[in-house]
Structure formats: structure tokens, C-alpha cells
file final_14.cif (mmCIF, C-alpha atoms)
data_input
#
loop_
_atom_site.label_atom_id
_atom_site.label_comp_id
_atom_site.auth_asym_id
_atom_site.auth_seq_id
_atom_site.Cartn_x
_atom_site.Cartn_y
_atom_site.Cartn_z
CA GLY Z 29 0.00 0.00 0.00
CA ALA Z 30 0.97 3.67 -0.22
CA GLY Z 31 3.34 5.02 2.37
CA VAL Z 32 3.46 8.41 4.06
CA SER Z 33 3.77 11.19 1.51
CA GLN Z 34 4.92 14.75 2.01
CA SER Z 35 4.88 17.84 -0.15
CA PRO Z 36 6.68 19.77 -1.34
CA SER Z 37 9.87 17.72 -1.37
CA ASN Z 38 11.95 20.89 -1.42
CA LYS Z 39 11.05 24.45 -0.49
CA VAL Z 40 13.26 27.51 -0.70
CA THR Z 41 11.83 30.63 0.88
CA GLU Z 42 12.98 34.06 1.89
CA LYS Z 43 13.41 34.98 5.52
CA GLY Z 44 10.19 36.41 6.91
CA LYS Z 45 7.82 34.53 4.59
CA ASP Z 46 5.31 31.92 5.77
CA VAL Z 47 5.48 28.30 4.59
CA GLU Z 48 3.07 25.37 4.72
CA LEU Z 49 4.25 21.78 4.67
CA ARG Z 50 1.85 18.94 3.99
CA CYS Z 51 1.73 15.35 5.17
CA ASP Z 52 -0.54 12.54 3.96
CA PRO Z 53 -0.35 9.64 6.44
CA ILE Z 54 -0.91 5.99 5.68
CA SER Z 55 -4.64 5.29 5.41
CA GLY Z 56 -6.04 4.03 8.72
CA HIS Z 57 -3.20 5.42 10.82
CA THR Z 58 -4.74 7.51 13.58
CA ALA Z 59 -1.50 8.86 15.03
CA LEU Z 60 0.60 11.42 13.15
CA TYR Z 61 3.90 13.00 14.15
CA TRP Z 62 6.07 15.85 12.92
CA TYR Z 63 9.83 15.86 13.46
CA ARG Z 64 12.61 18.19 12.36
CA GLN Z 65 16.12 17.15 11.35
CA ARG Z 66 18.74 19.85 11.16
CA LEU Z 67 21.89 19.22 9.19
CA GLY Z 68 24.15 16.71 10.94
CA GLN Z 69 21.77 16.18 13.83
CA GLY Z 70 19.20 13.65 14.94
CA LEU Z 71 15.46 14.09 14.70
CA GLU Z 72 13.68 16.49 17.06
CA PHE Z 73 10.05 15.85 17.94
CA LEU Z 74 7.72 18.74 17.15
CA ILE Z 75 4.09 17.66 17.60
CA TYR Z 76 1.87 14.58 17.80
CA PHE Z 77 -1.75 14.15 16.69
CA GLN Z 78 -4.17 11.47 17.77
CA GLY Z 79 -6.99 11.85 15.28
CA ASN Z 80 -7.36 15.58 14.81
CA SER Z 81 -6.40 16.58 18.34
CA ALA Z 82 -2.88 17.34 19.39
CA PRO Z 83 -2.22 15.97 22.90
CA ASP Z 84 1.47 16.75 22.68
CA LYS Z 85 2.76 20.03 21.27
CA SER Z 86 5.76 20.10 23.54
CA GLY Z 87 8.33 20.12 20.76
CA LEU Z 88 7.14 23.16 18.84
CA PRO Z 89 10.13 25.54 19.08
CA SER Z 90 8.21 28.80 19.05
CA ASP Z 91 4.77 30.32 18.49
CA ARG Z 92 5.71 30.78 14.83
CA PHE Z 93 5.14 27.04 14.43
CA SER Z 94 1.64 25.57 14.29
CA ALA Z 95 0.05 22.45 12.89
CA GLU Z 96 -3.40 21.16 12.20
CA ARG Z 97 -4.92 17.92 11.04
CA THR Z 98 -8.19 17.22 9.29
CA GLY Z 99 -9.84 14.18 10.86
CA GLU Z 100 -7.49 11.23 10.58
CA SER Z 101 -6.07 12.46 7.32
CA VAL Z 102 -3.87 15.23 6.03
CA SER Z 103 -1.82 17.42 8.33
CA THR Z 104 -0.19 20.76 7.60
CA LEU Z 105 2.72 22.28 9.48
CA THR Z 106 2.87 26.05 9.16
CA ILE Z 107 5.90 28.15 9.93
CA GLN Z 108 5.25 31.88 10.05
CA ARG Z 109 7.89 34.56 9.52
CA THR Z 110 10.55 31.98 8.71
CA GLN Z 111 14.06 32.43 10.06
CA GLN Z 112 17.31 30.96 8.77
CA GLU Z 113 17.50 28.62 11.77
CA ASP Z 114 14.26 27.02 10.55
CA SER Z 115 16.21 25.47 7.66
CA ALA Z 116 15.97 21.71 8.11
CA VAL Z 117 14.29 18.58 6.80
CA TYR Z 118 10.78 18.29 8.22
CA LEU Z 119 9.67 14.68 8.56
CA CYS Z 120 6.20 13.32 9.09
CA ALA Z 121 5.41 9.87 10.47
CA SER Z 122 2.22 7.96 11.13
CA SER Z 123 1.27 4.91 13.16
CA LYS Z 124 -1.69 2.78 14.10
CA THR Z 125 -3.34 2.98 17.48
CA GLY Z 126 -4.40 -0.28 19.08
CA THR Z 127 -7.63 -0.91 20.97
CA SER Z 128 -5.77 -0.45 24.23
CA GLY Z 129 -4.57 2.95 23.11
CA ALA Z 130 -1.00 1.88 22.57
CA VAL Z 131 0.54 3.18 19.37
CA GLY Z 132 2.55 0.99 17.03
CA GLU Z 133 5.72 1.63 15.11
CA GLN Z 134 6.06 4.85 13.18
CA TYR Z 135 6.38 4.93 9.40
CA PHE Z 136 8.19 7.95 8.01
CA GLY Z 137 7.66 10.01 4.90
CA PRO Z 138 10.46 11.29 2.65
CA GLY Z 139 10.54 14.70 4.29
CA THR Z 140 10.42 18.28 3.07
CA ARG Z 141 13.76 20.03 2.81
CA LEU Z 142 13.20 23.66 3.81
CA THR Z 143 15.84 26.25 3.05
CA VAL Z 144 15.37 29.79 4.35
CA THR Z 145 17.58 32.32 2.58
CA ALA R 27 13.11 14.11 29.86
CA GLN R 28 14.64 11.11 28.18
CA SER R 29 17.70 11.37 25.96
CA VAL R 30 19.48 9.01 23.56
CA SER R 31 23.21 8.91 22.89
CA GLN R 32 24.91 7.31 19.93
CA HIS R 33 28.61 7.30 20.61
CA ASN R 34 29.93 6.84 17.12
CA HIS R 35 29.10 9.62 14.68
CA HIS R 36 31.04 8.17 11.75
CA VAL R 37 32.13 4.58 11.22
CA ILE R 38 34.14 3.28 8.27
CA LEU R 39 34.43 -0.46 7.74
CA SER R 40 35.56 -2.81 5.03
CA GLU R 41 33.15 -5.39 3.65
CA ALA R 42 32.83 -8.51 5.81
CA ALA R 43 33.89 -6.66 8.96
CA SER R 44 31.68 -6.94 12.02
CA LEU R 45 29.62 -3.99 13.13
CA GLU R 46 28.50 -2.76 16.51
CA LEU R 47 26.88 0.64 16.94
CA GLY R 48 26.33 1.87 20.45
CA CYS R 49 23.10 3.34 21.80
CA ASN R 50 22.41 4.40 25.36
CA TYR R 51 19.32 6.07 26.69
CA SER R 52 18.45 7.83 29.90
CA TYR R 53 15.02 6.94 31.26
CA GLY R 54 14.24 4.84 34.28
CA GLY R 55 10.86 3.48 33.26
CA THR R 56 9.58 1.05 30.66
CA VAL R 57 10.74 1.79 27.15
CA ASN R 58 10.24 0.65 23.59
CA LEU R 59 13.45 0.75 21.55
CA PHE R 60 14.02 1.10 17.83
CA TRP R 61 16.74 1.27 15.24
CA TYR R 62 15.94 3.10 12.02
CA VAL R 63 18.11 3.23 8.91
CA GLN R 64 18.26 5.87 6.20
CA TYR R 65 19.92 4.75 2.98
CA PRO R 66 21.25 7.52 0.71
CA GLY R 67 18.33 9.33 -0.90
CA GLN R 68 15.69 7.21 0.83
CA HIS R 69 13.19 7.47 3.70
CA LEU R 70 13.86 6.44 7.25
CA GLN R 71 12.99 2.75 7.54
CA LEU R 72 12.52 0.61 10.60
CA LEU R 73 15.36 -1.89 11.01
CA LEU R 74 14.20 -3.55 14.21
CA LYS R 75 12.32 -2.90 17.43
CA TYR R 76 12.09 -4.09 21.00
CA PHE R 77 8.82 -3.90 22.90
CA SER R 78 9.09 -6.76 25.41
CA GLY R 79 10.22 -10.37 25.77
CA ASP R 80 13.52 -11.70 24.42
CA PRO R 81 16.05 -8.88 24.75
CA LEU R 82 17.90 -10.05 21.63
CA VAL R 83 15.88 -8.92 18.64
CA LYS R 84 16.46 -9.78 15.02
CA GLY R 85 15.75 -7.30 12.28
CA ILE R 86 15.92 -7.11 8.54
CA LYS R 87 19.09 -7.65 6.49
CA GLY R 88 20.88 -9.66 9.17
CA PHE R 89 20.88 -6.94 11.82
CA GLU R 90 20.23 -7.65 15.48
CA ALA R 91 20.21 -5.62 18.68
CA GLU R 92 20.41 -6.51 22.32
CA PHE R 93 18.53 -4.66 25.04
CA ILE R 94 20.56 -4.62 28.26
CA LYS R 95 18.30 -2.99 30.83
CA SER R 96 20.99 -2.69 33.51
CA LYS R 97 23.17 -0.72 31.10
CA PHE R 98 20.33 1.29 29.48
CA SER R 99 21.75 0.14 26.16
CA PHE R 100 20.40 -1.14 22.85
CA ASN R 101 23.45 -1.73 20.65
CA LEU R 102 23.04 -2.68 17.01
CA ARG R 103 25.15 -5.49 15.56
CA LYS R 104 25.79 -7.25 12.29
CA PRO R 105 28.41 -9.99 11.96
CA SER R 106 29.46 -9.19 8.40
CA VAL R 107 28.64 -5.89 6.71
CA GLN R 108 28.12 -5.33 3.01
CA TRP R 109 28.71 -2.28 0.85
CA SER R 110 24.91 -1.92 0.62
CA ASP R 111 24.77 -1.30 4.39
CA THR R 112 26.25 2.16 3.82
CA ALA R 113 23.66 4.42 5.42
CA GLU R 114 22.86 6.49 8.47
CA TYR R 115 21.56 4.61 11.51
CA PHE R 116 19.37 6.14 14.20
CA CYS R 117 18.52 4.71 17.60
CA ALA R 118 15.18 5.84 19.08
CA VAL R 119 13.34 5.41 22.34
CA LYS R 120 9.67 5.69 23.24
CA ALA R 121 9.21 6.08 26.96
CA ASN R 122 5.90 4.48 27.84
CA ASN R 123 4.86 7.04 30.42
CA ALA R 124 6.04 10.07 28.51
CA GLY R 125 3.82 10.36 25.46
CA ASN R 126 4.00 8.66 22.13
CA MET R 127 6.80 10.53 20.45
CA LEU R 128 10.18 9.01 19.70
CA THR R 129 13.37 10.49 21.08
CA PHE R 130 16.20 9.98 18.60
CA GLY R 131 19.93 9.77 18.96
CA GLY R 132 22.12 11.93 16.76
CA GLY R 133 22.72 9.17 14.23
CA THR R 134 25.75 7.18 13.09
CA ARG R 135 26.91 7.47 9.52
CA LEU R 136 28.29 4.13 8.35
CA MET R 137 30.44 3.82 5.25
CA VAL R 138 31.34 0.34 4.05
CA LYS R 139 34.25 0.20 1.64
CA PRO R 140 33.98 -2.45 -1.08
#
call {"tool": "encode", "arguments": {"input": "final_14.cif", "output": "C-alpha cells"}}
result
Amino acid sequence: GAGVSQSPSNKVTEKGKDVELRCDPISGHTALYWYRQRLGQGLEFLIYFQGNSAPDKSGLPSDRFSAERTGESVSTLTIQRTQQEDSAVYLCASSKTGTSGAVGEQYFGPGTRLTVT
Amino acid sequence: AQSVSQHNHHVILSEAASLELGCNYSYGGTVNLFWYVQYPGQHLQLLLKYFSGDPLVKGIKGFEAEFIKSKFSFNLRKPSVQWSDTAEYFCAVKANNAGNMLTFGGGTRLMVKP
């Protein structure tokens, strides 16, 4: 079946502009995650959705970052007034949630490479 | 908050050499442990996972990892690497009482020389 998809694959934007990144999770996966990977570093957690609610926003680095999700489908990550330090690969992952509430392994998308000039 | 350390940032091996990549985490409670691999130009893929039971877990492509609770470690091993194992390897931890997100180590870039 189809995996997690993300768009655009690459985005170059000028400092101060807003950007929207999109994630399409695997069909039937109720949990969705956003991570950020800066050059040469590991992945940093940004936000987690269970359905369309976000029980964990602890990783969002500033109020310029926000995310929403429509039902158990598409999610968008919005970065307002982008700064050069926002340059990174933004990765989305999704996973199933079991009947007990436990979430399974996460499947990752290809990422969006954001460059802020 | 939990953290994950991968001690080796870059590893260079010749084909057929044995591999061990270190991973240590800091969290005192129950954890799920993962190794992900990212081949050049590809997505992150799950290599193997530990949830419970036998602490020695087998993954794809001949990889295995051993969970040693007393050492807070989950080292990745392969007895004989191939050129196609050239990739970046990430250890990740999900702390069961701390939400559903994964905490990742900084990654180890492995280069296997043919």
C-alpha cells in the first residue's frame, strides 16, 4: 500500500515569509507526528496528533510554528515569519493505534527540505 | 526528559567486517526501543524494534540488537557488513509514560568500503 507522503519535497523561501508543509499519512493510521532534522543532527520531535487533536505540542520551538490535522487524514505544518534557523528537513510519520490505546511503530515520509535564505 | 546517545558519529568499515553501533538512553521506566536506517536518498525505515520479551531482537538484512536494561543500552550489531549497508543509523526510544513521540539519537553514519 501507499506510504506516508509529504509535499513539497523541497522548499526555498525568503526569511520572513510563511510556509506550509503537507503530510498525507498511511490510510487508517490515527496517530501522526512531525519531526525536524537539522543538518548533521538527529530528529527532534515537534508535535503529535491522535486523530485531529494534538495531545502533545511540547516540541514546537516557538509560536511561529503551528500544525493542524483534518480528521485522521492530512496534516499541515505552518511556519510563520521563517528564520534561517528554521532550515531543516521536516519529517512526518504515522502509526496505528491499538484498541488499548498503545501506538505501534512509526512509518516515516520522505521529508520536506526547507531552506530559508 | 529522556535522551538518547549514539557514541559513534562516523564509522568506516571494510566489507565482511563486524559492526556494533552503540546506543544508550536515559530513562528509568519502561521503554520501547528502535533502530531506524536511512539509505542515501531514501526514507527512514525501521530496522528492528524491542517492545518486550527476548532482549535479543532480530531485524531485517541480518541486523540484530540486544537490550541490556541494567546498562540502558540497545546496541546494534551485524556480523558481516556489506557495501549496501552504507547508510545512516538512528537509535530511538519511546518512553511508555512520557507520550507517544520518539526520542532519537544523533545518528551514526556508516560507510562500508567495497
call {"tool": "residues_around", "arguments": {"input": "final_14.cif", "residues": "Leu119 (chain Z)", "least_positions_apart": "4", "cutoff": "9 Å", "atoms": "all atoms listed in the file", "output": "ChimeraX atom specification"}}
result
/Z:34,51,61-65,71,136-141
call {"tool": "resolve_selection", "arguments": {"input": "final_14.cif", "expression": "the PyMOL selection byres ((chain Z) within 12 of (chain R))", "output": "mmCIF file with C-alpha atoms, keeping the file's coordinate frame"}}
result
data_model
loop_
_atom_site.group_PDB
_atom_site.id
_atom_site.type_symbol
_atom_site.label_atom_id
_atom_site.label_comp_id
_atom_site.auth_asym_id
_atom_site.auth_seq_id
_atom_site.Cartn_x
_atom_site.Cartn_y
_atom_site.Cartn_z
ATOM 1 C CA GLY Z 31 3.340 5.020 2.370
ATOM 2 C CA VAL Z 32 3.460 8.410 4.060
ATOM 3 C CA SER Z 33 3.770 11.190 1.510
ATOM 4 C CA GLN Z 34 4.920 14.750 2.010
ATOM 5 C CA SER Z 37 9.870 17.720 -1.370
ATOM 6 C CA ALA Z 59 -1.500 8.860 15.030
ATOM 7 C CA LEU Z 60 0.600 11.420 13.150
ATOM 8 C CA TYR Z 61 3.900 13.000 14.150
ATOM 9 C CA TRP Z 62 6.070 15.850 12.920
ATOM 10 C CA TYR Z 63 9.830 15.860 13.460
ATOM 11 C CA ARG Z 64 12.610 18.190 12.360
ATOM 12 C CA GLN Z 65 16.120 17.150 11.350
ATOM 13 C CA ARG Z 66 18.740 19.850 11.160
ATOM 14 C CA LEU Z 67 21.890 19.220 9.190
ATOM 15 C CA GLY Z 68 24.150 16.710 10.940
ATOM 16 C CA GLN Z 69 21.770 16.180 13.830
ATOM 17 C CA GLY Z 70 19.200 13.650 14.940
ATOM 18 C CA LEU Z 71 15.460 14.090 14.700
ATOM 19 C CA GLU Z 72 13.680 16.490 17.060
ATOM 20 C CA PHE Z 73 10.050 15.850 17.940
ATOM 21 C CA LEU Z 74 7.720 18.740 17.150
ATOM 22 C CA ILE Z 75 4.090 17.660 17.600
ATOM 23 C CA TYR Z 76 1.870 14.580 17.800
ATOM 24 C CA PHE Z 77 -1.750 14.150 16.690
ATOM 25 C CA GLN Z 78 -4.170 11.470 17.770
ATOM 26 C CA ALA Z 82 -2.880 17.340 19.390
ATOM 27 C CA PRO Z 83 -2.220 15.970 22.900
ATOM 28 C CA ASP Z 84 1.470 16.750 22.680
ATOM 29 C CA LYS Z 85 2.760 20.030 21.270
ATOM 30 C CA SER Z 86 5.760 20.100 23.540
ATOM 31 C CA GLY Z 87 8.330 20.120 20.760
ATOM 32 C CA VAL Z 117 14.290 18.580 6.800
ATOM 33 C CA TYR Z 118 10.780 18.290 8.220
ATOM 34 C CA LEU Z 119 9.670 14.680 8.560
ATOM 35 C CA CYS Z 120 6.200 13.320 9.090
ATOM 36 C CA ALA Z 121 5.410 9.870 10.470
ATOM 37 C CA SER Z 122 2.220 7.960 11.130
ATOM 38 C CA SER Z 123 1.270 4.910 13.160
ATOM 39 C CA LYS Z 124 -1.690 2.780 14.100
ATOM 40 C CA THR Z 125 -3.340 2.980 17.480
ATOM 41 C CA GLY Z 129 -4.570 2.950 23.110
ATOM 42 C CA ALA Z 130 -1.000 1.880 22.570
ATOM 43 C CA VAL Z 131 0.540 3.180 19.370
ATOM 44 C CA GLY Z 132 2.550 0.990 17.030
ATOM 45 C CA GLU Z 133 5.720 1.630 15.110
ATOM 46 C CA GLN Z 134 6.060 4.850 13.180
ATOM 47 C CA TYR Z 135 6.380 4.930 9.400
ATOM 48 C CA PHE Z 136 8.190 7.950 8.010
ATOM 49 C CA GLY Z 137 7.660 10.010 4.900
ATOM 50 C CA PRO Z 138 10.460 11.290 2.650
ATOM 51 C CA GLY Z 139 10.540 14.700 4.290
ATOM 52 C CA THR Z 140 10.420 18.280 3.070
#
call {"tool": "closest_residue", "arguments": {"input": "final_14.cif", "among": "R:Leu102, R:Val57, R:Ala121, R:Leu45", "to": "Leu73 (chain R)", "atoms": "only C-alpha atoms"}}
result
R:Leu102
call {"tool": "atom_distance", "arguments": {"input": "final_14.cif", "atom1": "CA of Val63 (chain R)", "atom2": "CA of Ala113 (chain R)"}}
result
6.7 Å
call {"tool": "residues_around", "arguments": {"input": "final_14.cif", "residues": "Phe98 (chain R)", "least_positions_apart": "3", "cutoff": "9 Å", "atoms": "all atoms listed in the file", "output": "NGL selection string"}}
result
:R and (49-54 or 93-95)
call {"tool": "atom_distance", "arguments": {"input": "final_14.cif", "atom1": "CA of Val107 (chain R)", "atom2": "CA of Ala91 (chain R)"}}
result
14.6 Å
